[in-house]
file work26.cif (mmCIF, C-alpha atoms)
data_work
loop_
_atom_site.label_atom_id
_atom_site.label_comp_id
_atom_site.auth_asym_id
_atom_site.auth_seq_id
_atom_site.Cartn_x
_atom_site.Cartn_y
_atom_site.Cartn_z
CA ALA J 1 -43.18 -51.81 147.41
CA GLY J 2 -42.27 -54.32 144.70
CA TYR J 3 -38.97 -55.66 146.06
CA ASP J 4 -38.24 -59.39 146.38
CA VAL J 5 -37.67 -59.91 150.12
CA CYS J 6 -36.59 -62.87 152.25
CA VAL J 7 -36.08 -62.70 156.02
CA TYR J 8 -33.93 -65.08 158.06
CA ASP J 9 -34.63 -64.72 161.77
CA GLU J 10 -32.45 -66.81 164.05
CA PHE J 11 -34.87 -66.18 166.95
CA VAL J 12 -37.38 -68.48 165.23
CA GLY J 13 -34.76 -71.09 164.34
CA ALA J 14 -34.04 -69.96 160.77
CA ALA J 15 -30.82 -71.18 159.15
CA VAL J 16 -29.36 -68.54 156.85
CA ASP J 17 -29.10 -69.55 153.19
CA TRP J 18 -25.74 -68.00 152.36
CA ASP J 19 -26.13 -68.68 148.63
CA ASP J 20 -29.29 -66.58 148.75
CA VAL J 21 -27.44 -63.86 150.67
CA ALA J 22 -24.60 -63.86 148.11
CA ARG J 23 -27.14 -63.18 145.33
CA ALA J 24 -28.89 -60.33 147.15
CA ASP J 25 -28.67 -56.73 145.92
CA VAL J 26 -28.90 -55.37 149.48
CA VAL J 27 -28.33 -57.19 152.80
CA CYS J 28 -29.96 -55.85 155.96
CA PHE J 29 -29.92 -56.55 159.69
CA SER J 30 -32.38 -55.45 162.38
CA VAL J 31 -30.92 -56.04 165.83
CA MET J 32 -31.14 -55.29 169.51
CA SER J 33 -27.91 -54.45 171.30
CA PHE J 34 -27.30 -57.76 173.05
CA CYS J 35 -27.05 -59.50 169.65
CA ALA J 36 -25.23 -56.73 167.78
CA SER J 37 -21.93 -58.61 167.91
CA ARG J 38 -23.64 -61.51 166.13
CA ALA J 39 -24.86 -59.14 163.42
CA TYR J 40 -21.39 -57.62 163.03
CA ALA J 41 -19.86 -61.08 162.59
CA MET J 42 -22.48 -61.94 159.97
CA ALA J 43 -21.90 -58.61 158.22
CA ALA J 44 -18.23 -59.54 157.93
CA ALA J 45 -19.29 -62.86 156.39
CA VAL J 46 -21.43 -60.95 153.86
CA ARG J 47 -18.38 -58.86 152.90
CA ARG J 48 -16.50 -62.06 152.10
CA CYS J 49 -19.16 -63.37 149.70
CA SER J 50 -20.76 -60.24 148.28
CA ASN J 51 -20.27 -56.61 147.28
CA ALA J 52 -23.86 -55.73 148.23
CA PRO J 53 -24.46 -52.67 150.43
CA ILE J 54 -25.12 -53.62 154.06
CA VAL J 55 -27.76 -51.78 156.11
CA LEU J 56 -28.33 -52.00 159.86
CA GLY J 57 -31.54 -50.92 161.61
CA GLY J 58 -33.41 -51.60 164.80
CA CYS J 59 -32.88 -50.58 168.41
CA HIS J 60 -29.09 -50.87 168.45
CA ALA J 61 -28.68 -48.77 165.32
CA SER J 62 -30.97 -46.11 166.76
CA VAL J 63 -28.89 -45.53 169.90
CA LEU J 64 -25.37 -46.34 168.63
CA PRO J 65 -25.19 -45.44 164.92
CA GLU J 66 -21.44 -44.75 164.97
CA ASP J 67 -20.73 -48.14 166.52
CA ALA J 68 -22.82 -49.76 163.76
CA LEU J 69 -21.12 -47.79 160.98
CA GLU J 70 -17.82 -49.45 161.84
CA HIS J 71 -19.32 -52.65 160.39
CA VAL J 72 -21.94 -51.64 157.77
CA ASP J 73 -22.49 -49.08 155.02
CA TYR J 74 -25.74 -47.45 156.16
CA VAL J 75 -27.70 -47.15 159.39
CA VAL J 76 -31.47 -46.58 159.52
CA ARG J 77 -32.40 -44.96 162.82
CA ASN J 78 -35.68 -45.19 164.74
CA GLU J 79 -38.87 -46.02 162.83
CA GLY J 80 -37.47 -47.26 159.53
CA GLU J 81 -40.27 -47.93 157.04
CA VAL J 82 -40.03 -44.68 155.04
CA THR J 83 -36.29 -44.12 155.48
CA PHE J 84 -35.49 -47.63 154.29
CA LEU J 85 -37.63 -47.40 151.16
CA GLU J 86 -35.96 -44.12 150.19
CA LEU J 87 -32.54 -45.70 150.72
CA LEU J 88 -33.50 -48.78 148.65
CA ALA J 89 -34.64 -46.55 145.80
CA TYR J 90 -31.21 -44.86 145.82
CA LEU J 91 -29.26 -48.14 146.09
CA CYS J 92 -31.24 -49.71 143.24
CA GLY J 93 -30.80 -46.68 140.96
CA ALA J 94 -34.47 -45.71 140.74
CA ALA J 95 -35.25 -42.61 138.70
CA GLY J 96 -35.58 -39.52 140.90
CA ALA J 97 -34.25 -41.32 143.99
CA THR J 98 -33.23 -39.17 146.96
CA GLU J 99 -29.49 -38.84 147.66
CA PRO J 100 -28.33 -40.20 151.05
CA ALA J 101 -27.50 -36.69 152.25
CA LYS J 102 -31.20 -35.80 152.02
CA ILE J 103 -32.71 -38.96 153.52
CA ALA J 104 -34.01 -38.16 157.01
CA GLY J 105 -33.21 -40.72 159.70
CA LEU J 106 -30.14 -42.07 157.87
CA SER J 107 -26.54 -42.33 159.10
CA TYR J 108 -23.72 -43.10 156.65
CA HIS J 109 -20.06 -42.51 155.83
CA GLY J 110 -19.53 -39.01 154.49
CA PRO J 111 -17.11 -38.03 151.70
CA SER J 112 -14.27 -37.73 154.23
CA GLY J 113 -15.06 -41.15 155.71
CA HIS J 114 -16.45 -39.68 158.93
CA PRO J 115 -19.96 -40.60 160.12
CA VAL J 116 -22.80 -38.33 159.01
CA HIS J 117 -26.10 -38.36 160.91
CA ASN J 118 -28.98 -36.80 159.03
CA PRO J 119 -31.77 -35.23 161.11
CA ASP J 120 -34.36 -37.62 162.55
CA ARG J 121 -37.39 -38.40 160.43
CA PRO J 122 -40.82 -37.47 161.81
CA PHE J 123 -42.80 -40.54 162.87
CA CYS J 124 -44.93 -41.05 159.77
CA ALA J 125 -45.05 -44.80 159.05
CA ASP J 126 -48.30 -46.12 157.58
CA LEU J 127 -49.53 -48.35 160.41
CA ARG J 128 -52.34 -49.71 158.22
CA VAL J 129 -49.91 -52.00 156.37
CA PRO J 130 -50.42 -55.61 157.53
CA LEU J 131 -47.63 -58.03 158.34
CA ASN J 132 -46.66 -60.46 155.57
CA LEU J 133 -45.45 -63.59 157.32
CA ASN J 134 -44.65 -65.24 153.98
CA VAL J 135 -41.35 -63.33 153.75
CA MET J 136 -40.13 -65.44 156.71
CA PRO J 137 -40.09 -69.03 155.42
CA ALA J 138 -38.86 -70.44 158.75
CA TYR J 139 -41.68 -68.81 160.76
CA ARG J 140 -43.81 -71.91 161.19
CA PRO J 141 -44.76 -74.43 163.87
CA TRP J 142 -41.94 -76.68 165.02
CA SER J 143 -42.15 -80.43 164.79
CA ALA J 144 -41.87 -82.50 167.97
CA ALA J 145 -38.26 -83.34 167.08
CA GLU J 146 -37.37 -79.66 166.55
CA SER J 147 -38.96 -78.71 169.88
CA LEU J 148 -37.02 -81.46 171.65
CA ARG J 149 -33.72 -80.36 170.09
CA ASP J 150 -34.42 -76.75 171.10
CA THR J 151 -35.24 -77.80 174.66
CA LEU J 152 -32.02 -79.77 174.95
CA ARG J 153 -30.02 -76.89 173.48
CA HIS J 154 -31.43 -74.23 175.83
CA GLY J 155 -32.13 -76.36 178.89
CA VAL J 156 -35.77 -75.22 179.11
CA PRO J 157 -38.87 -75.79 176.92
CA ARG J 158 -39.97 -72.70 175.02
CA LEU J 159 -43.47 -71.74 173.86
CA LEU J 160 -44.66 -70.27 170.60
CA LEU J 161 -45.29 -66.61 171.40
CA PRO J 162 -46.50 -64.71 168.30
CA VAL J 163 -45.84 -60.97 168.46
CA VAL J 164 -48.66 -58.45 167.99
CA GLN J 165 -48.38 -54.66 167.79
CA ALA J 166 -51.57 -52.59 168.02
CA SER J 167 -50.00 -49.17 168.66
CA ARG J 168 -46.73 -47.28 168.63
CA GLY J 169 -45.28 -44.52 170.75
CA CYS J 170 -45.55 -43.43 174.37
CA PRO J 171 -46.41 -39.95 175.69
CA PHE J 172 -44.56 -40.47 178.98
CA ASN J 173 -40.96 -39.43 179.51
CA CYS J 174 -39.48 -42.05 181.79
CA ARG J 175 -35.81 -41.27 182.32
CA PHE J 176 -34.48 -44.75 181.50
CA CYS J 177 -36.60 -45.43 178.39
CA PHE J 178 -35.66 -45.06 174.70
CA VAL J 179 -39.17 -45.29 173.26
CA ALA J 180 -39.71 -41.55 172.89
CA GLN J 181 -36.65 -41.34 170.63
CA GLU J 182 -37.24 -44.57 168.71
CA LEU J 183 -41.04 -44.68 168.28
CA GLY J 184 -42.15 -41.18 169.18
CA SER J 185 -44.05 -39.59 172.03
CA ARG J 186 -47.37 -39.53 170.14
CA TYR J 187 -49.61 -42.55 170.77
CA ARG J 188 -50.49 -43.90 167.30
CA ARG J 189 -53.04 -46.67 166.87
CA ARG J 190 -53.19 -49.30 164.16
CA PRO J 191 -56.58 -50.18 162.63
CA ILE J 192 -58.29 -52.79 164.78
CA ASN J 193 -59.29 -54.91 161.76
CA VAL J 194 -55.66 -55.13 160.58
CA VAL J 195 -54.55 -56.24 164.04
CA LEU J 196 -57.34 -58.84 164.24
CA ASP J 197 -56.48 -60.19 160.78
CA GLU J 198 -52.89 -60.70 161.92
CA ILE J 199 -54.07 -62.51 165.05
CA ASP J 200 -56.30 -64.73 162.87
CA GLU J 201 -53.24 -65.64 160.79
CA TYR J 202 -51.24 -66.48 163.91
CA VAL J 203 -54.02 -68.68 165.29
CA ARG J 204 -54.43 -70.43 161.94
CA ARG J 205 -50.72 -70.95 161.43
CA PHE J 206 -49.64 -71.91 164.96
CA ALA J 207 -52.79 -73.03 166.81
CA SER J 208 -51.21 -71.37 169.86
CA PRO J 209 -53.28 -69.58 172.53
CA TYR J 210 -50.46 -67.14 173.35
CA LEU J 211 -50.23 -63.57 172.03
CA PHE J 212 -47.43 -61.20 173.03
CA PHE J 213 -48.49 -57.56 172.64
CA VAL J 214 -45.31 -55.49 172.36
CA ASP J 215 -47.10 -52.12 172.67
CA ASN J 216 -45.44 -50.03 175.35
CA ASP J 217 -48.83 -49.44 176.93
CA LEU J 218 -51.87 -51.13 175.44
CA THR J 219 -54.10 -49.77 178.22
CA LEU J 220 -53.39 -46.09 177.55
CA ASN J 221 -56.61 -45.37 175.63
CA GLU J 222 -59.62 -47.01 177.29
CA ASP J 223 -61.83 -47.39 174.19
CA PHE J 224 -58.95 -48.56 172.00
CA SER J 225 -57.81 -51.05 174.65
CA CYS J 226 -61.20 -52.61 175.21
CA GLU J 227 -62.18 -53.06 171.56
CA PRO J 228 -59.47 -55.54 170.46
CA PHE J 229 -59.82 -57.62 173.62
CA GLY J 230 -63.60 -57.66 173.28
CA ARG J 231 -63.40 -58.80 169.67
CA ILE J 232 -60.68 -61.39 170.40
CA TYR J 233 -62.95 -62.80 173.10
CA GLU J 234 -65.90 -62.90 170.68
CA ARG J 235 -63.87 -64.88 168.13
CA TYR J 236 -61.89 -67.24 170.34
CA GLY J 237 -63.46 -67.19 173.77
CA ALA J 238 -61.43 -67.30 176.97
CA ARG J 239 -58.73 -69.67 175.69
CA ILE J 240 -56.47 -66.92 174.27
CA ARG J 241 -53.66 -66.00 176.67
CA PRO J 242 -52.44 -62.44 176.05
CA TRP J 243 -49.26 -60.87 177.43
CA VAL J 244 -49.75 -57.09 177.78
CA PHE J 245 -47.58 -54.16 178.91
CA SER J 246 -49.16 -51.37 180.95
CA ARG J 247 -48.48 -48.56 183.36
CA LEU J 248 -49.48 -49.38 186.90
CA ALA J 249 -52.14 -46.65 186.93
CA ALA J 250 -54.29 -48.87 184.69
CA ALA J 251 -55.10 -50.93 187.79
CA HIS J 252 -57.72 -48.28 188.61
CA ASN J 253 -59.47 -48.61 185.23
CA ASP J 254 -62.10 -51.24 185.97
CA ARG J 255 -63.37 -51.36 182.39
CA VAL J 256 -59.95 -52.20 180.91
CA MET J 257 -59.03 -54.66 183.67
CA THR J 258 -62.38 -56.43 183.30
CA ALA J 259 -61.81 -56.74 179.54
CA ILE J 260 -58.48 -58.54 179.96
CA ASN J 261 -59.64 -60.53 183.00
CA ARG J 262 -62.16 -62.42 180.81
CA PHE J 263 -59.43 -64.67 179.42
CA ASP J 264 -58.33 -67.78 181.26
CA VAL J 265 -54.91 -66.18 181.89
CA THR J 266 -53.63 -62.70 181.08
CA VAL J 267 -50.10 -61.69 182.05
CA LEU J 268 -49.93 -57.96 182.74
CA GLY J 269 -46.43 -56.49 182.67
CA VAL J 270 -46.52 -53.32 184.77
CA GLY J 271 -43.67 -50.84 185.03
CA ILE J 272 -43.29 -50.31 188.78
CA GLU J 273 -39.54 -49.57 188.45
CA SER J 274 -38.91 -48.58 192.10
CA ILE J 275 -40.58 -49.06 195.46
CA HIS J 276 -39.22 -45.88 197.09
CA ASP J 277 -40.31 -42.30 196.45
CA LYS J 278 -36.80 -41.02 195.70
CA GLY J 279 -36.20 -43.77 193.16
CA LEU J 280 -39.58 -43.18 191.51
CA ALA J 281 -38.85 -39.47 191.23
CA GLU J 282 -35.39 -40.10 189.78
CA LEU J 283 -36.88 -42.31 187.06
CA ARG J 284 -39.76 -39.84 186.42
CA GLN J 285 -42.49 -42.38 187.10
CA GLY J 286 -45.18 -39.95 188.22
CA GLN J 287 -46.30 -42.18 191.08
CA SER J 288 -45.50 -42.59 194.77
CA ALA J 289 -44.63 -45.69 196.78
CA THR J 290 -48.04 -45.44 198.46
CA GLU J 291 -49.75 -45.38 195.07
CA VAL J 292 -47.72 -48.43 193.98
CA GLU J 293 -48.98 -50.40 196.98
CA ALA J 294 -52.58 -49.33 196.39
CA ALA J 295 -52.51 -50.23 192.68
CA LEU J 296 -50.99 -53.66 193.31
CA GLN J 297 -53.59 -54.31 196.00
CA ARG J 298 -56.34 -53.37 193.54
CA LEU J 299 -55.01 -55.72 190.85
CA ARG J 300 -55.52 -58.65 193.21
CA ARG J 301 -59.28 -58.28 192.60
CA TYR J 302 -58.87 -59.80 189.13
CA SER J 303 -58.46 -63.54 189.47
CA ASN J 304 -57.25 -64.24 185.91
CA ILE J 305 -54.62 -61.47 185.72
CA ARG J 306 -51.06 -62.50 186.55
CA VAL J 307 -48.95 -59.45 187.40
CA ASN J 308 -45.40 -59.27 186.10
CA GLY J 309 -43.85 -56.51 188.22
CA GLN J 310 -40.92 -54.81 186.49
CA PHE J 311 -38.23 -53.11 188.56
CA ILE J 312 -34.96 -51.31 187.88
CA PHE J 313 -31.97 -51.27 190.25
CA GLY J 314 -28.80 -49.20 190.27
CA GLY J 315 -30.16 -45.67 190.43
CA GLU J 316 -28.67 -42.89 192.51
CA HIS J 317 -30.76 -43.72 195.60
CA ASP J 318 -30.75 -47.54 195.38
CA THR J 319 -28.93 -49.65 197.96
CA LEU J 320 -28.67 -53.39 198.53
CA GLN J 321 -31.61 -53.02 200.92
CA THR J 322 -33.71 -51.78 197.97
CA VAL J 323 -33.35 -55.19 196.33
CA SER J 324 -34.46 -56.99 199.50
CA ASP J 325 -37.39 -54.62 199.96
CA THR J 326 -38.50 -55.30 196.37
CA VAL J 327 -38.53 -59.05 196.97
CA ALA J 328 -40.65 -58.45 200.07
CA LEU J 329 -43.11 -56.31 198.09
CA GLY J 330 -43.41 -59.02 195.43
CA ALA J 331 -44.13 -61.62 198.10
CA ARG J 332 -46.65 -59.34 199.82
CA HIS J 333 -48.65 -58.90 196.62
CA LYS J 334 -48.06 -62.41 195.24
CA LEU J 335 -46.59 -61.16 191.96
CA TYR J 336 -46.52 -63.79 189.25
CA ASN J 337 -43.05 -62.70 188.21
CA LEU J 338 -40.38 -60.26 189.35
CA GLY J 339 -38.87 -58.61 186.29
CA MET J 340 -35.71 -57.28 187.92
CA ALA J 341 -33.28 -55.38 185.71
CA ALA J 342 -30.13 -53.36 186.25
CA LEU J 343 -30.29 -49.77 185.06
CA TYR J 344 -28.61 -49.43 181.69
CA ASP J 345 -28.08 -46.90 178.96
CA PHE J 346 -25.70 -46.49 176.03
CA PRO J 347 -22.56 -44.35 175.94
CA THR J 348 -22.20 -41.55 173.36
CA ARG J 349 -25.98 -41.06 172.89
CA ASN J 350 -25.76 -37.54 174.21
CA ARG J 351 -22.65 -36.57 172.24
CA VAL J 352 -23.73 -38.12 168.93
CA LEU J 353 -27.53 -37.77 168.94
CA GLY J 354 -28.24 -35.18 171.61
CA HIS J 355 -30.27 -37.63 173.72
CA GLU J 356 -30.43 -37.40 177.49
CA GLN J 357 -28.50 -40.24 179.17
CA CYS J 358 -29.38 -41.58 182.60
CA ILE J 359 -25.79 -42.91 182.88
CA PRO J 360 -22.97 -40.53 181.90
CA ASP J 361 -20.22 -41.93 179.68
CA HIS J 362 -17.56 -42.04 182.40
CA LEU J 363 -19.61 -44.40 184.61
CA PHE J 364 -19.79 -47.32 182.14
CA ILE J 365 -17.67 -50.32 183.08
CA HIS J 366 -17.23 -51.51 179.48
CA ARG J 367 -18.77 -51.35 176.03
CA ASP J 368 -19.39 -55.02 175.36
CA TYR J 369 -22.97 -54.71 174.15
CA ARG J 370 -23.73 -58.41 174.63
CA PHE J 371 -24.35 -57.45 178.27
CA PHE J 372 -26.56 -54.40 177.61
CA GLY J 373 -30.04 -55.75 178.20
CA GLY J 374 -30.82 -55.35 181.89
CA ASN J 375 -29.61 -58.72 183.15
CA PHE J 376 -26.09 -57.44 183.82
CA VAL J 377 -24.77 -54.43 185.72
CA VAL J 378 -22.81 -52.34 183.20
CA HIS J 379 -22.13 -49.17 185.21
CA TYR J 380 -20.85 -48.03 188.60
CA PRO J 381 -23.87 -47.36 190.86
CA LYS J 382 -23.51 -44.61 193.45
CA GLN J 383 -24.40 -46.62 196.57
CA MET J 384 -22.71 -50.00 195.95
CA ARG J 385 -20.16 -51.83 193.87
CA PRO J 386 -21.35 -53.32 190.56
CA SER J 387 -20.49 -56.82 191.77
CA GLU J 388 -22.59 -56.33 194.90
CA LEU J 389 -25.64 -55.33 192.89
CA GLN J 390 -25.15 -58.22 190.47
CA ARG J 391 -24.97 -60.73 193.32
CA ALA J 392 -27.97 -59.15 195.05
CA MET J 393 -30.11 -59.45 191.93
CA LEU J 394 -29.14 -63.09 191.36
CA GLY J 395 -29.87 -63.86 194.99
CA ALA J 396 -33.21 -62.08 194.77
CA PHE J 397 -34.33 -64.27 191.87
CA SER J 398 -33.41 -67.41 193.81
CA ASP J 399 -35.04 -66.21 197.04
CA TYR J 400 -38.26 -65.15 195.36
CA TYR J 401 -38.90 -68.31 193.38
CA ALA J 402 -37.80 -70.61 196.17
CA GLY J 403 -40.59 -69.11 198.27
CA HIS J 404 -43.23 -69.15 195.52
CA ARG J 405 -43.22 -72.62 194.10
CA GLU J 406 -46.45 -72.09 192.16
CA VAL J 407 -44.38 -70.05 189.67
CA PHE J 408 -41.06 -71.78 190.26
CA HIS J 409 -41.02 -73.09 186.68
CA GLN J 410 -40.26 -69.56 185.54
CA PHE J 411 -37.03 -69.50 187.48
CA TYR J 412 -35.31 -71.96 185.16
CA ALA J 413 -35.64 -69.72 182.12
CA ILE J 414 -34.67 -66.59 184.08
CA ARG J 415 -31.68 -68.31 185.62
CA ALA J 416 -30.43 -69.31 182.17
#

call {"tool": "encode", "arguments": {"input": "work26.cif", "output": "C-alpha cells"}}
result
Amino acid sequence: AGYDVCVYDEFVGAAVDWDDVARADVVCFSVMSFCASRAYAMAAAVRRCSNAPIVLGGCHASVLPEDALEHVDYVVRNEGEVTFLELLAYLCGAAGATEPAKIAGLSYHGPSGHPVHNPDRPFCADLRVPLNLNVMPAYRPWSAAESLRDTLRHGVPRLLLPVVQASRGCPFNCRFCFVAQELGSRYRRRPINVVLDEIDEYVRRFASPYLFFVDNDLTLNEDFSCEPFGRIYERYGARIRPWVFSRLAAAHNDRVMTAINRFDVTVLGVGIESIHDKGLAELRQGQSATEVEAALQRLRRYSNIRVNGQFIFGGEHDTLQTVSDTVALGARHKLYNLGMAALYDFPTRNRVLGHEQCIPDHLFIHRDYRFFGGNFVVHYPKQMRPSELQRAMLGAFSDYYAGHREVFHQFYAIRA
C-alpha cells in the first residue's frame, strides 16, 4: 500500500533496532497471549523513546482488547488487513481517511477515556496478496554458530519450519476454539499459484524440506487439498516434509490421505480432543469414541503419515482416569505425538465482545496470560484440583515417551 515497513520478529532471532523504532511514524505489535507481557514491556519502551501511536493486533488483541488498551493506543481485532490500512490512513493524515469511530474491527480509547469497541469487520481480506519476506530482514538461514548458540540457549536443537497458509476460516463450531471469531466460519481459499510461489521462495531461501501449514483444516475440501500437494510433489518429489492440521474424519478420505502419504514423512495433526462420548459432546466435536478408534485404525494404513493426536483435558466430564486412558489410546494406535493441552479460554470475552466462553469468569485461577496456551491449567476443573490435572499431564508426557523411544527425541522439546 506504499508504506515503508520493517518487521522485527523475535521468534526468528531478530534483534530490535531501537533507533529504527524511535524514527517510526507508527509502531505495531502482533502477539499471541503467552507473549503479550513481552509486547506490553516493549510498548512501554516505545513510549520512552517515541511519541508514535502504538497498535496491537493478533490473537491476544482479538480476545482481550480491553487488556491490550491498557498498554497501547489502538487495537485491531480479528483479521486485520483492511482495518489496519484504514487506521494507517487516519494516523498518517491521508485525505478522506476514515475516523476511528467508523473503522470496523477497531478498539480504542473514547473521548471519555473508556474503551470503545467498534463492530467486527466482515472477513474480506484479499487472500491473493503474496507474502513479502523482504520486510523481515532477520528471516534468513542461521549460520552454524547461530544454530549452536540457539541450541545451548534453549537446551534442544530447533529446525527451520517455514509457515504456509493456503486457506482461512473453519465452518465447524468447536466449543473451545476461537477461529470462528478471529478468521470466520467461511472456508476461504488462497490461489494455489500464490501459495506455490511462496513455497518456492522458502525452498530457495532456506533449502529446508519442512513446511508448516497453519490452516485449521487443509483437508476440508478434497479437490483443493489434493492440488497443492500434487503440485508440490511434482516440483520437489517426496523430500518435502509437510505438517498439516486436519479433522479426524479426513482419515476416511482415501484420495486426500494418499496425496499426503506420497511424501517421505507427513505429520498430520488431528483434533481428537477427547476419548469419551460425554467429553466429545461437551466440546461439540461431532464424533463418537467409537468413530475416533475407527479413524485412528484407518490412518495406520498410510506408512508415511505420522499422526499427532491432539487432546484437551479439564472439561466438565474429565477425571484423572481420562488422562491415563488417553495415554493408553495413544499407545494402542502408536501415535507419533500426544498433543495434550489443558482446556483454556479468556475471561471477559463474553462481557466485552459477546463471545461464548467455555470457562466462566469466576472459574479462572489467575489472569497471568503467560500461562494461557494449553500447557498450564488456568481454571478450576469440576472433577479434580488444578494441581492434580497439571501433575497428571506432566506424568502422561513422561510415561508416553518413556514407552515409545522411537519418538523420545520429541519429549525434550515438550518437557522444556

call {"tool": "residues_around", "arguments": {"input": "work26.cif", "residues": "segment 33-49 of chain J", "least_positions_apart": "2", "cutoff": "10 Å", "atoms": "only C-alpha atoms", "output": "ChimeraX atom specification"}}
result
/J:18-19,21-23,27-31,51-56,58-64,67-68,70-72,346,368-374

call {"tool": "resolve_selection", "arguments": {"input": "work26.cif", "expression": "the PyMOL selection byres ((chain J and resi 82) around 9)", "output": "ChimeraX atom specification"}}
result
/J:79-81,83-87,121,124-126

call {"tool": "write_last_selection", "arguments": {"input": "work26.cif", "atoms": "C-alpha atoms", "output": "JSON list (two decimals), in the coordinates of the input"}}
result
[["chain", "number", "residue", "atom", "x", "y", "z"],
["J", 79, "GLU", "CA", -38.87, -46.02, 162.83],
["J", 80, "GLY", "CA", -37.47, -47.26, 159.53],
["J", 81, "GLU", "CA", -40.27, -47.93, 157.04],
["J", 83, "THR", "CA", -36.29, -44.12, 155.48],
["J", 84, "PHE", "CA", -35.49, -47.63, 154.29],
["J", 85, "LEU", "CA", -37.63, -47.40, 151.16],
["J", 86, "GLU", "CA", -35.96, -44.12, 150.19],
["J", 87, "LEU", "CA", -32.54, -45.70, 150.72],
["J", 121, "ARG", "CA", -37.39, -38.40, 160.43],
["J", 124, "CYS", "CA", -44.93, -41.05, 159.77],
["J", 125, "ALA", "CA", -45.05, -44.80, 159.05],
["J", 126, "ASP", "CA", -48.30, -46.12, 157.58]]

call {"tool": "residues_around", "arguments": {"input": "work26.cif", "residues": "Pro162 of chain J", "least_positions_apart": "4", "cutoff": "12 Å", "atoms": "only C-alpha atoms", "output": "list in words"}}
result
Phe11, Val12, Leu133, Tyr139, Arg140, Pro141, Glu198, Ile199, Asp200, Glu201, Tyr202, Val203, Arg204, Arg205, Phe206, Ala207, Ser208, Pro209, Tyr210, Leu211, Phe212, Phe213, Val214, Ile240, Arg241, Pro242 and Trp243 of chain J

call {"tool": "write_last_selection", "arguments": {"input": "work26.cif", "atoms": "C-alpha atoms", "output": "PDB file, in the coordinates of the input"}}
result
ATOM      1  CA  PHE J  11     -34.870 -66.180 166.950  1.00  0.00           C
ATOM      2  CA  VAL J  12     -37.380 -68.480 165.230  1.00  0.00           C
ATOM      3  CA  LEU J 133     -45.450 -63.590 157.320  1.00  0.00           C
ATOM      4  CA  TYR J 139     -41.680 -68.810 160.760  1.00  0.00           C
ATOM      5  CA  ARG J 140     -43.810 -71.910 161.190  1.00  0.00           C
ATOM      6  CA  PRO J 141     -44.760 -74.430 163.870  1.00  0.00           C
ATOM      7  CA  GLU J 198     -52.890 -60.700 161.920  1.00  0.00           C
ATOM      8  CA  ILE J 199     -54.070 -62.510 165.050  1.00  0.00           C
ATOM      9  CA  ASP J 200     -56.300 -64.730 162.870  1.00  0.00           C
ATOM     10  CA  GLU J 201     -53.240 -65.640 160.790  1.00  0.00           C
ATOM     11  CA  TYR J 202     -51.240 -66.480 163.910  1.00  0.00           C
ATOM     12  CA  VAL J 203     -54.020 -68.680 165.290  1.00  0.00           C
ATOM     13  CA  ARG J 204     -54.430 -70.430 161.940  1.00  0.00           C
ATOM     14  CA  ARG J 205     -50.720 -70.950 161.430  1.00  0.00           C
ATOM     15  CA  PHE J 206     -49.640 -71.910 164.960  1.00  0.00           C
ATOM     16  CA  ALA J 207     -52.790 -73.030 166.810  1.00  0.00           C
ATOM     17  CA  SER J 208     -51.210 -71.370 169.860  1.00  0.00           C
ATOM     18  CA  PRO J 209     -53.280 -69.580 172.530  1.00  0.00           C
ATOM     19  CA  TYR J 210     -50.460 -67.140 173.350  1.00  0.00           C
ATOM     20  CA  LEU J 211     -50.230 -63.570 172.030  1.00  0.00           C
ATOM     21  CA  PHE J 212     -47.430 -61.200 173.030  1.00  0.00           C
ATOM     22  CA  PHE J 213     -48.490 -57.560 172.640  1.00  0.00           C
ATOM     23  CA  VAL J 214     -45.310 -55.490 172.360  1.00  0.00           C
ATOM     24  CA  ILE J 240     -56.470 -66.920 174.270  1.00  0.00           C
ATOM     25  CA  ARG J 241     -53.660 -66.000 176.670  1.00  0.00           C
ATOM     26  CA  PRO J 242     -52.440 -62.440 176.050  1.00  0.00           C
ATOM     27  CA  TRP J 243     -49.260 -60.870 177.430  1.00  0.00           C
TER      28      TRP J 243
END

call {"tool": "residues_around", "arguments": {"input": "work26.cif", "residues": "Ala281 of chain J", "least_positions_apart": "3", "cutoff": "12 Å", "atoms": "all atoms listed in the file", "output": "list of chain:residue names"}}
result
J:Asn173, J:Cys174, J:Arg175, J:Phe176, J:Ile272, J:Glu273, J:Ser274, J:Ile275, J:His276, J:Asp277, J:Lys278, J:Arg284, J:Gln285, J:Gly286, J:Gln287, J:Ser288, J:Ala289, J:Gly315, J:Glu316, J:His317

call {"tool": "atom_distance", "arguments": {"input": "work26.cif", "atom1": "atom CA of Phe263 of chain J", "atom2": "atom CA of Ala250 of chain J"}}
result
17.4 Å

call {"tool": "resolve_selection", "arguments": {"input": "work26.cif", "expression": "the PyMOL selection byres ((chain J and resi 300) around 12)", "output": "NGL selection string"}}
result
:J and (251-252 or 257 or 261 or 268 or 293-299 or 301-307 or 332-336)

call {"tool": "closest_residue", "arguments": {"input": "work26.cif", "among": "J:Cys6, J:Met136, J:Leu248, J:Arg255", "to": "Glu291 of chain J", "atoms": "all atoms listed in the file"}}
result
J:Leu248

call {"tool": "closest_residue", "arguments": {"input": "work26.cif", "among": "J:Ala328, J:Val323, J:Val75, J:Leu183", "to": "Gly395 of chain J", "atoms": "only C-alpha atoms"}}
result
J:Val323

call {"tool": "residues_near_point", "arguments": {"input": "work26.cif", "point": "(-22.7, -54.6, 191.7)", "cutoff": "12 Å", "atoms": "all atoms listed in the file", "output": "number ranges by chain"}}
result
J: 313-315, 318-320, 323, 342-343, 365, 375-394

call {"tool": "closest_residue", "arguments": {"input": "work26.cif", "among": "J:Val26, J:Met340, J:Ala14, J:Thr348", "to": "Arg367 of chain J", "atoms": "all atoms listed in the file"}}
result
J:Thr348

call {"tool": "closest_residue", "arguments": {"input": "work26.cif", "among": "J:Ile359, J:Leu160, J:Leu218, J:Val292", "to": "Asp345 of chain J", "atoms": "only C-alpha atoms"}}
result
J:Ile359
